[in-house]
>>> print(open('input_10.txt').read())   # compact mmCIF, C-alpha atoms
# COMPACT_ATOMS: atom_id res chain seq x y z
CA MET S 360 66.75 36.15 -25.40
CA THR S 361 63.58 38.10 -26.05
CA GLU S 362 62.73 40.40 -23.23
CA GLN S 363 59.39 41.83 -22.34
CA LEU S 364 59.15 45.55 -22.84
CA ALA S 365 58.04 47.80 -20.02
CA LEU S 366 57.99 50.91 -22.16
CA GLU S 367 58.24 51.72 -25.81
CA PHE S 368 58.44 55.20 -27.30
CA ARG S 369 57.69 55.55 -31.00
CA GLY S 370 58.44 58.97 -32.37
CA ALA S 371 57.01 60.62 -29.25
CA VAL S 372 57.04 64.42 -29.56
CA LYS S 373 56.09 67.27 -27.25
CA ARG S 374 56.18 70.76 -28.72
CA GLY S 375 56.70 73.43 -26.11
CA LEU S 376 56.82 77.18 -26.47
CA ARG S 377 60.57 77.42 -26.35
CA LYS S 378 61.65 74.01 -27.52
CA VAL S 379 60.65 70.66 -28.89
CA ILE S 380 61.24 67.43 -27.01
CA GLY S 381 61.50 64.45 -29.33
CA PRO S 382 60.93 62.61 -31.54
CA ILE S 383 61.90 59.95 -29.02
CA ASP S 384 62.33 56.32 -29.92
CA MET S 385 63.33 54.08 -27.08
CA GLN S 386 62.61 50.64 -25.70
CA ILE S 387 62.94 49.81 -22.03
CA PRO S 388 62.88 46.14 -21.03
CA VAL S 389 61.16 44.88 -17.86
CA GLY S 390 63.31 44.38 -14.77
CA TYR S 391 66.05 46.93 -15.35
CA ILE S 392 67.09 50.29 -13.98
CA VAL S 393 67.45 52.91 -16.70
CA ALA S 394 69.12 56.23 -15.95
CA LEU S 395 68.31 59.30 -18.03
CA VAL S 396 71.31 61.59 -17.94
CA GLY S 397 71.95 64.88 -19.68
CA PRO S 398 72.44 68.61 -19.15
CA ASN S 399 69.83 70.83 -17.46
CA GLY S 400 66.88 71.50 -19.67
CA SER S 401 67.64 68.63 -22.03
CA GLY S 402 64.19 67.07 -21.62
CA LYS S 403 64.62 64.38 -18.99
CA SER S 404 61.72 65.53 -16.84
CA THR S 405 59.46 65.92 -19.87
CA ILE S 406 60.14 62.30 -20.83
CA LEU S 407 59.04 61.19 -17.35
CA GLN S 408 55.97 63.44 -17.57
CA MET S 409 55.08 61.84 -20.91
CA LEU S 410 55.07 58.50 -19.12
CA MET S 411 52.70 59.83 -16.47
CA GLN S 412 50.54 61.55 -19.11
CA ILE S 413 51.06 64.84 -17.29
CA THR S 414 52.27 66.02 -20.64
CA THR S 415 50.29 64.96 -23.69
CA LEU S 416 52.03 63.97 -26.87
CA ASP S 417 51.79 66.11 -29.99
CA ALA S 418 52.90 63.21 -32.18
CA GLY S 419 53.96 59.60 -31.91
CA GLU S 420 52.96 57.09 -29.27
CA ILE S 421 54.03 55.33 -26.11
CA LYS S 422 53.31 51.75 -25.10
CA TRP S 423 53.11 50.79 -21.44
CA PHE S 424 53.66 47.06 -20.95
CA GLY S 425 52.60 46.46 -24.53
CA GLU S 426 49.45 48.57 -24.29
CA THR S 427 49.01 51.66 -26.38
CA SER S 428 46.72 54.20 -24.96
CA THR S 429 44.85 56.58 -27.22
CA GLY S 430 43.20 58.41 -24.35
CA ILE S 431 43.88 58.25 -20.66
CA LEU S 432 45.74 55.22 -19.35
CA PRO S 433 43.50 52.52 -17.87
CA THR S 434 43.30 52.92 -14.08
CA GLU S 435 44.61 49.40 -13.36
CA LEU S 436 47.73 50.16 -15.38
CA LYS S 437 48.27 53.52 -13.76
CA GLN S 438 47.88 52.02 -10.30
CA GLY S 439 51.05 50.06 -10.99
CA ILE S 440 53.07 53.18 -11.73
CA ALA S 441 54.69 55.26 -8.99
CA TYR S 442 56.12 58.68 -9.75
CA VAL S 443 58.28 60.97 -7.68
CA PRO S 444 58.26 64.34 -9.44
CA GLU S 445 61.03 66.88 -9.27
CA GLY S 446 59.02 69.19 -7.04
CA PRO S 447 56.35 67.97 -4.60
CA VAL S 448 52.70 68.15 -5.62
CA THR S 449 50.68 70.83 -3.86
CA GLU S 450 47.56 68.70 -3.18
CA GLU S 451 49.14 67.09 -0.16
CA ASN S 452 50.77 70.21 1.25
CA PHE S 453 48.44 70.59 4.23
CA MET S 454 48.25 66.92 5.11
CA THR S 455 50.28 65.11 7.73
CA VAL S 456 52.12 61.89 6.91
CA GLU S 457 49.16 59.79 8.13
CA GLU S 458 46.61 61.79 6.15
CA ALA S 459 48.66 61.69 2.97
CA ALA S 460 49.15 57.94 3.41
CA GLY S 461 45.38 57.50 3.72
CA PHE S 462 44.85 59.60 0.61
CA ARG S 463 47.26 57.49 -1.39
CA ALA S 464 45.93 54.19 -0.03
CA HIS S 465 42.52 55.19 -1.41
CA TRP S 466 43.87 55.50 -4.94
CA TYR S 467 46.31 52.62 -4.94
CA PRO S 468 44.71 49.27 -4.01
CA SER S 469 48.19 47.74 -3.75
CA TRP S 470 49.15 50.19 -0.97
CA ASP S 471 51.16 48.25 1.61
CA HIS S 472 50.86 50.10 4.88
CA ASN S 473 53.38 47.98 6.78
CA ARG S 474 55.92 48.64 4.12
CA PHE S 475 55.18 52.36 4.27
CA GLU S 476 55.56 52.40 8.07
CA GLU S 477 58.84 50.54 7.78
CA LEU S 478 60.21 53.01 5.21
CA VAL S 479 59.05 56.08 7.11
CA ALA S 480 60.84 54.76 10.18
CA ARG S 481 63.94 53.86 8.26
CA PHE S 482 64.14 57.26 6.56
CA ASN S 483 63.30 59.17 9.79
CA VAL S 484 60.40 61.07 8.28
CA PRO S 485 58.71 63.27 10.95
CA ARG S 486 55.16 61.95 11.34
CA LYS S 487 53.33 64.82 12.98
CA GLU S 488 54.53 67.50 10.60
CA ARG S 489 52.44 68.83 7.73
CA LEU S 490 54.14 67.99 4.44
CA ASN S 491 54.71 71.62 3.45
CA ARG S 492 56.44 72.31 6.76
CA MET S 493 59.02 69.61 6.26
CA SER S 494 62.51 70.33 5.00
CA LYS S 495 63.12 69.60 1.35
CA GLY S 496 64.97 66.39 2.18
CA GLU S 497 62.30 65.17 4.63
CA ARG S 498 59.58 65.75 2.05
CA ARG S 499 61.66 63.88 -0.50
CA LYS S 500 61.99 60.92 1.83
CA PHE S 501 58.23 60.87 2.36
CA GLU S 502 57.66 60.92 -1.40
CA ILE S 503 60.05 58.04 -1.99
CA ALA S 504 58.58 55.98 0.85
CA ALA S 505 55.06 56.57 -0.46
CA ALA S 506 56.10 55.64 -4.00
CA LEU S 507 57.67 52.37 -2.85
CA ALA S 508 54.70 51.54 -0.60
CA ILE S 509 52.42 50.87 -3.56
CA ARG S 510 54.85 48.15 -4.69
CA PRO S 511 54.86 49.51 -8.22
CA LYS S 512 55.65 47.68 -11.45
CA LEU S 513 57.10 50.85 -12.87
CA LEU S 514 58.85 53.47 -10.78
CA LEU S 515 59.63 56.90 -12.21
CA LEU S 516 62.04 59.04 -10.22
CA ASP S 517 62.89 62.59 -11.21
CA GLU S 518 66.20 63.43 -9.55
CA PRO S 519 65.36 61.34 -6.50
CA SER S 520 68.37 62.34 -4.45
CA SER S 521 67.95 66.10 -4.62
CA GLY S 522 67.89 67.40 -1.05
CA LEU S 523 68.83 64.10 0.57
CA ASP S 524 71.66 63.93 3.05
CA PRO S 525 74.36 61.31 2.30
CA PHE S 526 72.92 58.84 4.84
CA ALA S 527 69.41 59.03 3.49
CA TRP S 528 70.85 58.81 0.00
CA LYS S 529 72.58 55.55 0.82
CA ASP S 530 69.40 54.18 2.43
CA MET S 531 67.47 55.08 -0.69
CA ILE S 532 69.99 53.34 -2.97
CA ASP S 533 69.83 50.21 -0.78
CA GLU S 534 66.03 50.25 -0.76
CA LEU S 535 65.79 50.64 -4.52
CA ARG S 536 68.20 47.78 -5.03
CA SER S 537 66.37 45.48 -2.69
CA CYS S 538 63.10 46.30 -4.48
CA MET S 539 64.70 45.10 -7.69
CA ASP S 540 65.53 41.71 -6.24
CA GLY S 541 63.05 39.14 -7.35
CA GLU S 542 60.25 41.48 -8.35
CA ASP S 543 59.62 42.50 -11.93
CA LEU S 544 60.10 46.16 -11.17
CA THR S 545 61.37 48.57 -13.79
CA ILE S 546 62.87 51.90 -12.72
CA VAL S 547 63.41 54.94 -14.91
CA LEU S 548 65.23 57.76 -13.16
CA SER S 549 66.69 61.05 -14.18
CA THR S 550 69.82 62.13 -12.40
CA HIS S 551 72.87 64.35 -12.41
CA ILE S 552 74.73 62.31 -9.84
CA VAL S 553 77.36 60.12 -11.44
CA ASP S 554 77.64 57.99 -8.33
CA GLU S 555 73.94 57.23 -8.51
CA VAL S 556 74.30 56.05 -12.08
CA LYS S 557 77.30 53.94 -11.12
CA ARG S 558 75.54 52.27 -8.25
CA LEU S 559 72.10 51.78 -9.71
CA ALA S 560 71.83 51.86 -13.47
CA ASP S 561 71.88 48.94 -15.86
CA TYR S 562 71.30 51.10 -18.91
CA ILE S 563 72.14 54.72 -19.57
CA VAL S 564 70.16 56.95 -21.90
CA LEU S 565 71.78 60.24 -22.85
CA VAL S 566 69.29 63.06 -23.36
CA HIS S 567 70.56 66.14 -25.13
CA GLN S 568 68.62 69.08 -26.60
CA GLY S 569 65.33 67.23 -26.52
CA GLN S 570 66.67 64.10 -28.17
CA THR S 571 67.75 60.75 -26.84
CA LEU S 572 71.22 60.05 -28.19
CA GLY S 573 70.95 56.32 -27.57
CA MET S 574 70.75 53.74 -24.85
CA PHE S 575 73.81 51.81 -23.76
CA GLU S 576 74.53 49.10 -21.27
CA LYS S 577 76.40 50.92 -18.53
CA ASP S 578 79.34 48.55 -18.27
CA MET S 579 79.88 48.59 -22.03
CA LEU S 580 80.25 52.36 -21.87
CA TYR S 581 83.17 52.08 -19.48
CA GLY S 582 85.25 50.21 -21.99
CA SER S 583 84.50 52.47 -24.92
CA PHE S 584 87.29 55.03 -24.69
CA LYS S 585 90.71 55.20 -23.15
CA GLU S 586 93.39 57.75 -22.63
CA ILE S 587 96.96 56.79 -23.46
CA TRP S 588 100.27 58.55 -23.14
CA VAL S 589 102.79 57.71 -25.85
CA ARG S 590 106.37 58.59 -26.60
CA GLY S 591 107.77 58.83 -30.13
CA GLU S 592 106.59 60.10 -33.48
CA LEU S 593 104.01 58.63 -35.79
CA ALA S 594 103.09 60.71 -38.81
CA GLY S 595 99.39 61.30 -39.34
CA ILE S 596 98.36 59.91 -36.01
CA GLU S 597 95.48 62.40 -35.78
CA LYS S 598 93.99 61.01 -38.97
CA PHE S 599 93.08 57.60 -37.57
CA ALA S 600 89.35 57.32 -37.04
CA GLU S 601 90.01 55.78 -33.63
CA VAL S 602 91.97 58.80 -32.40
CA ILE S 603 89.61 61.38 -30.96
CA SER S 604 92.14 63.83 -29.67
CA CYS S 605 95.89 64.18 -29.60
CA GLN S 606 97.72 66.69 -27.45
CA ASP S 607 101.35 67.31 -26.62
CA ASP S 608 101.95 66.52 -23.00
CA GLY S 609 105.53 67.23 -22.09
CA PRO S 610 108.71 66.62 -24.13
CA SER S 611 108.13 64.08 -26.94
CA THR S 612 105.08 62.78 -25.10
CA LYS S 613 101.58 62.85 -26.49
CA LYS S 614 98.30 62.30 -24.76
CA LEU S 615 95.71 60.56 -26.91
CA ILE S 616 92.08 59.76 -26.41
CA VAL S 617 91.20 56.75 -28.51
CA ARG S 618 88.24 54.52 -29.07
CA ASP S 619 88.91 51.25 -27.37
CA ARG S 620 87.98 48.30 -29.49
CA GLN S 621 88.20 44.78 -28.24
CA ASP S 622 90.76 43.93 -30.96
CA ASP S 623 93.30 46.04 -29.10
CA TRP S 624 93.65 48.60 -31.81
CA SER S 625 96.32 50.65 -30.05
CA ALA S 626 98.70 47.71 -29.65
CA SER S 627 98.68 46.90 -33.36
CA HIS S 628 98.58 50.41 -34.83
CA LEU S 629 100.76 52.30 -32.42
CA LYS S 630 103.50 49.76 -32.07
CA GLU S 631 106.16 52.21 -33.28
CA LEU S 632 105.28 54.30 -30.26
CA GLN S 633 106.07 53.52 -26.68
CA ILE S 634 102.92 53.41 -24.60
CA ILE S 635 103.80 54.85 -21.21
CA LYS S 636 100.47 54.69 -19.49
CA SER S 637 96.85 54.05 -20.26
CA ARG S 638 93.59 54.38 -18.40
CA SER S 639 89.88 53.99 -19.11
CA LEU S 640 87.88 57.18 -19.09
CA GLU S 641 85.54 58.03 -16.23
CA LEU S 642 81.82 58.01 -16.80
CA GLU S 643 81.50 61.80 -16.84
CA GLU S 644 84.28 62.07 -19.42
CA ILE S 645 82.59 59.46 -21.58
CA LEU S 646 79.27 61.28 -21.39
CA ASP S 647 80.99 64.54 -22.27
CA LEU S 648 82.56 62.99 -25.40
CA TRP S 649 79.20 61.48 -26.27
CA ILE S 650 77.46 64.88 -26.08
CA LYS S 651 80.17 66.28 -28.35
CA GLY S 652 79.27 63.75 -30.99
CA HIS S 653 81.65 60.88 -30.22
CA ARG S 654 79.08 58.16 -29.85
CA PRO S 655 80.31 55.08 -27.97
CA GLN S 656 80.20 51.90 -30.00
CA MET B 1436 77.77 35.53 1.01
CA TRP B 1437 80.42 38.11 0.34
CA ILE B 1438 82.69 37.36 -2.63
CA PRO B 1439 86.10 39.04 -2.49
CA ILE B 1440 86.32 40.55 -5.94
CA GLN B 1441 88.36 43.66 -6.51
CA ILE B 1442 87.50 45.80 -9.48
CA ASN B 1443 90.07 48.10 -10.94
CA GLU B 1444 88.09 50.90 -12.55
CA SER B 1445 91.00 52.41 -14.37
CA SER B 1446 92.10 49.12 -15.86
CA PRO B 1447 91.55 48.91 -19.60
CA GLU B 1448 90.37 45.32 -19.12
CA PRO B 1449 86.57 45.11 -19.56
CA LEU B 1450 84.58 44.90 -16.34
CA TYR B 1451 82.91 41.61 -17.12
CA HIS B 1452 86.29 40.06 -17.89
CA GLN B 1453 87.76 41.24 -14.57
CA ILE B 1454 84.85 39.79 -12.63
CA GLU B 1455 84.80 36.55 -14.57
CA THR B 1456 88.54 35.92 -14.21
CA GLN B 1457 88.51 36.57 -10.46
CA LEU B 1458 85.38 34.55 -9.77
CA ARG B 1459 86.72 31.66 -11.82
CA SER B 1460 89.98 31.70 -9.87
CA LEU B 1461 88.14 31.82 -6.52
CA ILE B 1462 86.12 28.76 -7.53
CA VAL B 1463 88.85 26.70 -9.14
CA SER B 1464 91.38 27.41 -6.41
CA GLY B 1465 88.85 26.19 -3.86
CA GLN B 1466 88.53 29.52 -2.01
CA ILE B 1467 84.78 29.26 -2.52
CA ASP B 1468 83.50 25.83 -1.55
CA GLU B 1469 81.47 23.54 -3.71
CA GLY B 1470 77.75 24.05 -3.12
CA THR B 1471 78.09 27.68 -2.01
CA LEU B 1472 75.07 29.78 -2.93
CA LEU B 1473 76.25 32.85 -4.78
CA PRO B 1474 74.52 36.23 -4.33
CA SER B 1475 71.56 36.96 -6.59
CA ILE B 1476 72.40 38.77 -9.79
CA ARG B 1477 71.00 42.09 -8.55
CA GLU B 1478 72.73 41.81 -5.18
CA PHE B 1479 76.10 40.99 -6.71
CA ALA B 1480 75.75 43.76 -9.29
CA GLY B 1481 74.96 46.17 -6.46
CA SER B 1482 77.99 45.26 -4.42
CA LEU B 1483 80.27 45.53 -7.46
CA SER B 1484 78.56 48.68 -8.80
CA CYS B 1485 78.08 47.10 -12.17
CA SER B 1486 74.97 46.27 -14.14
CA VAL B 1487 72.93 43.08 -13.81
CA ILE B 1488 73.65 42.43 -17.45
CA THR B 1489 77.36 42.02 -16.70
CA VAL B 1490 76.79 39.69 -13.75
CA ARG B 1491 74.31 37.62 -15.74
CA ARG B 1492 76.88 37.24 -18.51
CA VAL B 1493 79.55 36.12 -16.02
CA TYR B 1494 77.19 33.58 -14.42
CA GLN B 1495 76.19 32.25 -17.84
CA ASP B 1496 79.79 31.91 -19.01
CA LEU B 1497 80.89 30.10 -15.86
CA GLU B 1498 77.82 27.91 -15.98
CA SER B 1499 78.67 26.81 -19.49
CA GLU B 1500 82.21 26.06 -18.29
CA GLY B 1501 80.64 23.81 -15.66
CA LEU B 1502 81.82 25.84 -12.68
CA LEU B 1503 78.38 27.03 -11.65
CA ARG B 1504 74.91 25.57 -11.80
CA THR B 1505 71.60 27.32 -11.53
CA LYS B 1506 68.59 25.84 -9.78
CA GLN B 1507 65.36 27.39 -10.94
CA GLY B 1508 63.93 29.53 -8.19
CA THR B 1509 66.74 28.97 -5.70
CA GLY B 1510 69.78 30.59 -7.22
CA THR B 1511 73.25 29.97 -8.53
CA PHE B 1512 75.59 27.49 -6.82
CA VAL B 1513 79.25 26.59 -7.13
CA ALA B 1514 79.62 23.23 -8.89
CA LYS B 1515 82.15 20.52 -8.15
CA VAL B 1516 85.61 21.21 -9.54
CA GLY B 1517 87.61 18.11 -10.49
CA ALA B 1518 91.17 17.58 -9.18
CA GLY B 1519 92.46 17.57 -12.76
CA GLU B 1520 90.93 20.96 -13.46
CA ARG B 1521 92.31 22.38 -10.27
CA ASP B 1522 95.85 21.23 -11.12
CA GLU B 1523 95.51 22.60 -14.61
CA TYR B 1524 94.34 25.91 -13.23
CA ARG B 1525 97.28 26.13 -10.83
CA ARG B 1526 99.68 25.37 -13.65
CA VAL B 1527 98.16 28.03 -15.93
CA ALA B 1528 98.17 30.68 -13.18
CA VAL B 1529 101.86 30.10 -12.38
CA GLN B 1530 102.81 29.87 -16.02
CA GLU B 1531 101.16 33.20 -16.81
CA ALA B 1532 102.92 34.90 -13.91
CA LEU B 1533 106.29 33.54 -15.02
CA GLU B 1534 105.68 34.54 -18.62
CA SER B 1535 104.96 38.10 -17.64
CA ALA B 1536 108.06 38.18 -15.43
CA VAL B 1537 110.16 37.03 -18.40
CA GLU B 1538 108.54 39.71 -20.57
CA VAL B 1539 109.59 42.36 -18.07
CA GLY B 1540 113.14 40.99 -18.16
CA LYS B 1541 113.23 41.09 -21.94
CA SER B 1542 111.89 44.63 -22.04
CA VAL B 1543 114.85 45.86 -20.00
CA GLN B 1544 117.34 43.82 -22.10
CA TYR B 1545 118.08 41.12 -19.57
CA GLY B 1546 119.97 38.19 -21.09
CA LYS B 1547 118.77 34.59 -20.78
CA GLU B 1548 121.56 33.56 -18.41
CA GLU B 1549 121.23 36.68 -16.32
CA LEU B 1550 117.52 36.05 -15.92
CA LYS B 1551 118.00 32.41 -15.02
CA GLU B 1552 120.56 33.33 -12.39
CA LEU B 1553 118.23 35.90 -10.82
CA PHE B 1554 115.34 33.48 -10.93
CA LEU B 1555 117.29 30.77 -9.10
CA LYS B 1556 118.47 33.27 -6.54
CA ILE B 1557 114.89 34.38 -5.80
CA LEU B 1558 113.71 30.78 -5.81
CA ASN B 1559 116.29 29.74 -3.24
CA LYS B 1560 115.65 32.75 -1.07
CA LYS B 1561 111.86 32.33 -1.04
CA TYR B 1562 111.89 28.60 -0.37
CA LEU B 1563 114.54 28.98 2.32
CA GLU B 1564 112.34 31.59 4.03
CA ASN B 1565 109.44 29.18 4.00
CA GLU B 1566 111.48 26.30 5.37
CA GLY B 1567 112.87 28.54 8.08
CA SER B 1568 109.51 29.68 9.39
CA ASP B 1569 107.46 26.62 8.65
CA PRO B 1570 109.52 23.43 8.75
CA LYS B 1571 107.57 20.82 6.80
>>> encode(input="input_10.txt", output="structure tokens")
Amino acid sequence: MTEQLALEFRGAVKRGLRKVIGPIDMQIPVGYIVALVGPNGSGKSTILQMLMQITTLDAGEIKWFGETSTGILPTELKQGIAYVPEGPVTEENFMTVEEAAGFRAHWYPSWDHNRFEELVARFNVPRKERLNRMSKGERRKFEIAAALAIRPKLLLLDEPSSGLDPFAWKDMIDELRSCMDGEDLTIVLSTHIVDEVKRLADYIVLVHQGQTLGMFEKDMLYGSFKEIWVRGELAGIEKFAEVISCQDDGPSTKKLIVRDRQDDWSASHLKELQIIKSRSLELEEILDLWIKGHRPQ
Amino acid sequence: MWIPIQINESSPEPLYHQIETQLRSLIVSGQIDEGTLLPSIREFAGSLSCSVITVRRVYQDLESEGLLRTKQGTGTFVAKVGAGERDEYRRVAVQEALESAVEVGKSVQYGKEELKELFLKILNKKYLENEGSDPK
């Protein structure tokens, strides 16, 4: 199955004063939700800024829906991209919800005012308030509603849930999901919230020290490692490539973290040992191993 | 429509396999009727907290087994399951359960006769219970 690409990074580099982000090579197919995860300062926001051309590349290139842009992105293309930055933009600070909506409708011909009204009502965004007088969460909800109201082809969300209460968070997740149904929308979001990744993402990209460490299908990641408790002795158990760690855990019991292959490696190689218990690792544990160099396969 | 699938996150069994096995059993056992429109891929993935890629794979596998059919633009429906298939499925499900029960017996050094005796005892007890409460 050949899939259309929404985004393609080819050796994209941004050199900052303190650090270098890139070179990034990554392909994002149309119609999926991709989560960028990684520690603070790893470069997630910069990657999103590259896509908005807020940050210019020092090397390499990016293709948006198959189009490479040498200068500024064509307006028609950009009008299909919605972006919710980490911090709100100052231009709209002194506007009310209505004024900001009018401002955005001017720049985005696809602005759907009914949809915007519906989202503002659903998220309980105060209408009369100036944007800079809203609470952090209220402002966030406005930003998300306004981003969805242009019915984008590409939606970029930089830590969308920061500041949201759990109810608004759930509403946002539901809205994002329902936007994905039927339309050819592609979402790239950066997040620290494991639950958000679990509920939304199709693919996970791990960003670490300015590099992308790969892109994996989320559900394949779950099966990549497991923890098992074994009883008995097996000489040289630490030397197997599949065994990532081996710790004593009580009398004659060892706790192992192993790569989980579909051929059921542990059953055939550890048969001298009694397997007491086994479990798949949680997403955060898998990401932690990945950062430490144990790439899932 | 809501499909009662229970995912065990700590199970070492791959997610797509868990979903596929349960959906297949719901269809073949007749718990989901022929012609039922299944949720869209995105909707189903959302309710199971898995990716659309996994759900698509499950739908494709079950479609190639003849249990589902997809109508362009409308969605994925449950296909007709033959009586023969249904019987076969029931047999396989029971056989697997019995096999694993025997495995448990063997692992705690139960003898063949001992196991048979226990099995008959349980069998009689369970069927007597049923006849007592529901005389048919």
>>> interface_residues(input="input_10.txt", of="chain S", to="chain B", cutoff="8 Å", atoms="all atoms listed in the file", output="PDB file with C-alpha atoms, in the coordinates of the input")
ATOM      1  CA  ARG S 536      68.200  47.780  -5.030  1.00  0.00           C
ATOM      2  CA  SER S 537      66.370  45.480  -2.690  1.00  0.00           C
ATOM      3  CA  MET S 539      64.700  45.100  -7.690  1.00  0.00           C
ATOM      4  CA  ASP S 540      65.530  41.710  -6.240  1.00  0.00           C
ATOM      5  CA  LYS S 557      77.300  53.940 -11.120  1.00  0.00           C
ATOM      6  CA  ARG S 558      75.540  52.270  -8.250  1.00  0.00           C
ATOM      7  CA  LEU S 559      72.100  51.780  -9.710  1.00  0.00           C
ATOM      8  CA  ALA S 560      71.830  51.860 -13.470  1.00  0.00           C
ATOM      9  CA  ASP S 561      71.880  48.940 -15.860  1.00  0.00           C
ATOM     10  CA  TYR S 562      71.300  51.100 -18.910  1.00  0.00           C
ATOM     11  CA  GLU S 576      74.530  49.100 -21.270  1.00  0.00           C
ATOM     12  CA  LYS S 577      76.400  50.920 -18.530  1.00  0.00           C
ATOM     13  CA  ASP S 578      79.340  48.550 -18.270  1.00  0.00           C
ATOM     14  CA  MET S 579      79.880  48.590 -22.030  1.00  0.00           C
ATOM     15  CA  TYR S 581      83.170  52.080 -19.480  1.00  0.00           C
ATOM     16  CA  GLY S 582      85.250  50.210 -21.990  1.00  0.00           C
ATOM     17  CA  LYS S 585      90.710  55.200 -23.150  1.00  0.00           C
ATOM     18  CA  SER S 637      96.850  54.050 -20.260  1.00  0.00           C
ATOM     19  CA  ARG S 638      93.590  54.380 -18.400  1.00  0.00           C
ATOM     20  CA  SER S 639      89.880  53.990 -19.110  1.00  0.00           C
ATOM     21  CA  LEU S 640      87.880  57.180 -19.090  1.00  0.00           C
TER      22      LEU S 640
END
>>> residues_around(input="input_10.txt", residues="Glu592 of chain S", least_positions_apart="2", cutoff="10 Å", atoms="all atoms listed in the file", output="PyMOL selection string")
chain S and resi 589-590+594-596+611-613+629+631-633
>>> atom_distance(input="input_10.txt", atom1="atom CA of Leu1473 of chain B", atom2="atom CA of Arg1504 of chain B")
10.2 Å
>>> residues_around(input="input_10.txt", residues="segment 1466-1468 of chain B", least_positions_apart="2", cutoff="12 Å", atoms="all atoms listed in the file", output="list in words")
Met1436, Trp1437, Ile1438, Pro1439, Ile1440, Gln1457, Leu1458, Arg1459, Ser1460, Leu1461, Ile1462, Val1463, Ser1464, Gly1470, Thr1471, Leu1472, Leu1473, Leu1502, Leu1503, Phe1512, Val1513, Ala1514, Lys1515, Val1516 and Arg1521 of chain B
>>> write_last_selection(input="input_10.txt", atoms="C-alpha atoms", output="PDB file, in the coordinates of the input")
ATOM      1  CA  MET B1436      77.770  35.530   1.010  1.00  0.00           C
ATOM      2  CA  TRP B1437      80.420  38.110   0.340  1.00  0.00           C
ATOM      3  CA  ILE B1438      82.690  37.360  -2.630  1.00  0.00           C
ATOM      4  CA  PRO B1439      86.100  39.040  -2.490  1.00  0.00           C
ATOM      5  CA  ILE B1440      86.320  40.550  -5.940  1.00  0.00           C
ATOM      6  CA  GLN B1457      88.510  36.570 -10.460  1.00  0.00           C
ATOM      7  CA  LEU B1458      85.380  34.550  -9.770  1.00  0.00           C
ATOM      8  CA  ARG B1459      86.720  31.660 -11.820  1.00  0.00           C
ATOM      9  CA  SER B1460      89.980  31.700  -9.870  1.00  0.00           C
ATOM     10  CA  LEU B1461      88.140  31.820  -6.520  1.00  0.00           C
ATOM     11  CA  ILE B1462      86.120  28.760  -7.530  1.00  0.00           C
ATOM     12  CA  VAL B1463      88.850  26.700  -9.140  1.00  0.00           C
ATOM     13  CA  SER B1464      91.380  27.410  -6.410  1.00  0.00           C
ATOM     14  CA  GLY B1470      77.750  24.050  -3.120  1.00  0.00           C
ATOM     15  CA  THR B1471      78.090  27.680  -2.010  1.00  0.00           C
ATOM     16  CA  LEU B1472      75.070  29.780  -2.930  1.00  0.00           C
ATOM     17  CA  LEU B1473      76.250  32.850  -4.780  1.00  0.00           C
ATOM     18  CA  LEU B1502      81.820  25.840 -12.680  1.00  0.00           C
ATOM     19  CA  LEU B1503      78.380  27.030 -11.650  1.00  0.00           C
ATOM     20  CA  PHE B1512      75.590  27.490  -6.820  1.00  0.00           C
ATOM     21  CA  VAL B1513      79.250  26.590  -7.130  1.00  0.00           C
ATOM     22  CA  ALA B1514      79.620  23.230  -8.890  1.00  0.00           C
ATOM     23  CA  LYS B1515      82.150  20.520  -8.150  1.00  0.00           C
ATOM     24  CA  VAL B1516      85.610  21.210  -9.540  1.00  0.00           C
ATOM     25  CA  ARG B1521      92.310  22.380 -10.270  1.00  0.00           C
TER      26      ARG B1521
END
>>> closest_residue(input="input_10.txt", among="S:Ala460, S:Val564, S:Ile587, S:Leu523", to="Trp649 of chain S", atoms="all atoms listed in the file")
S:Val564
>>> atom_distance(input="input_10.txt", atom1="atom CA of Leu572 of chain S", atom2="atom CA of Pro655 of chain S")
10.4 Å
>>> atom_distance(input="input_10.txt", atom1="atom CA of Arg492 of chain S", atom2="atom CA of Val456 of chain S")
11.3 Å
>>> closest_residue(input="input_10.txt", among="S:Pro485, S:Gly569, S:Pro444, S:Gly439", to="Tyr467 of chain S", atoms="all atoms listed in the file")
S:Gly439
>>> closest_residue(input="input_10.txt", among="S:Leu407, S:Arg654, S:Gly461, S:Met574", to="Asp384 of chain S", atoms="all atoms listed in the file")
S:Met574
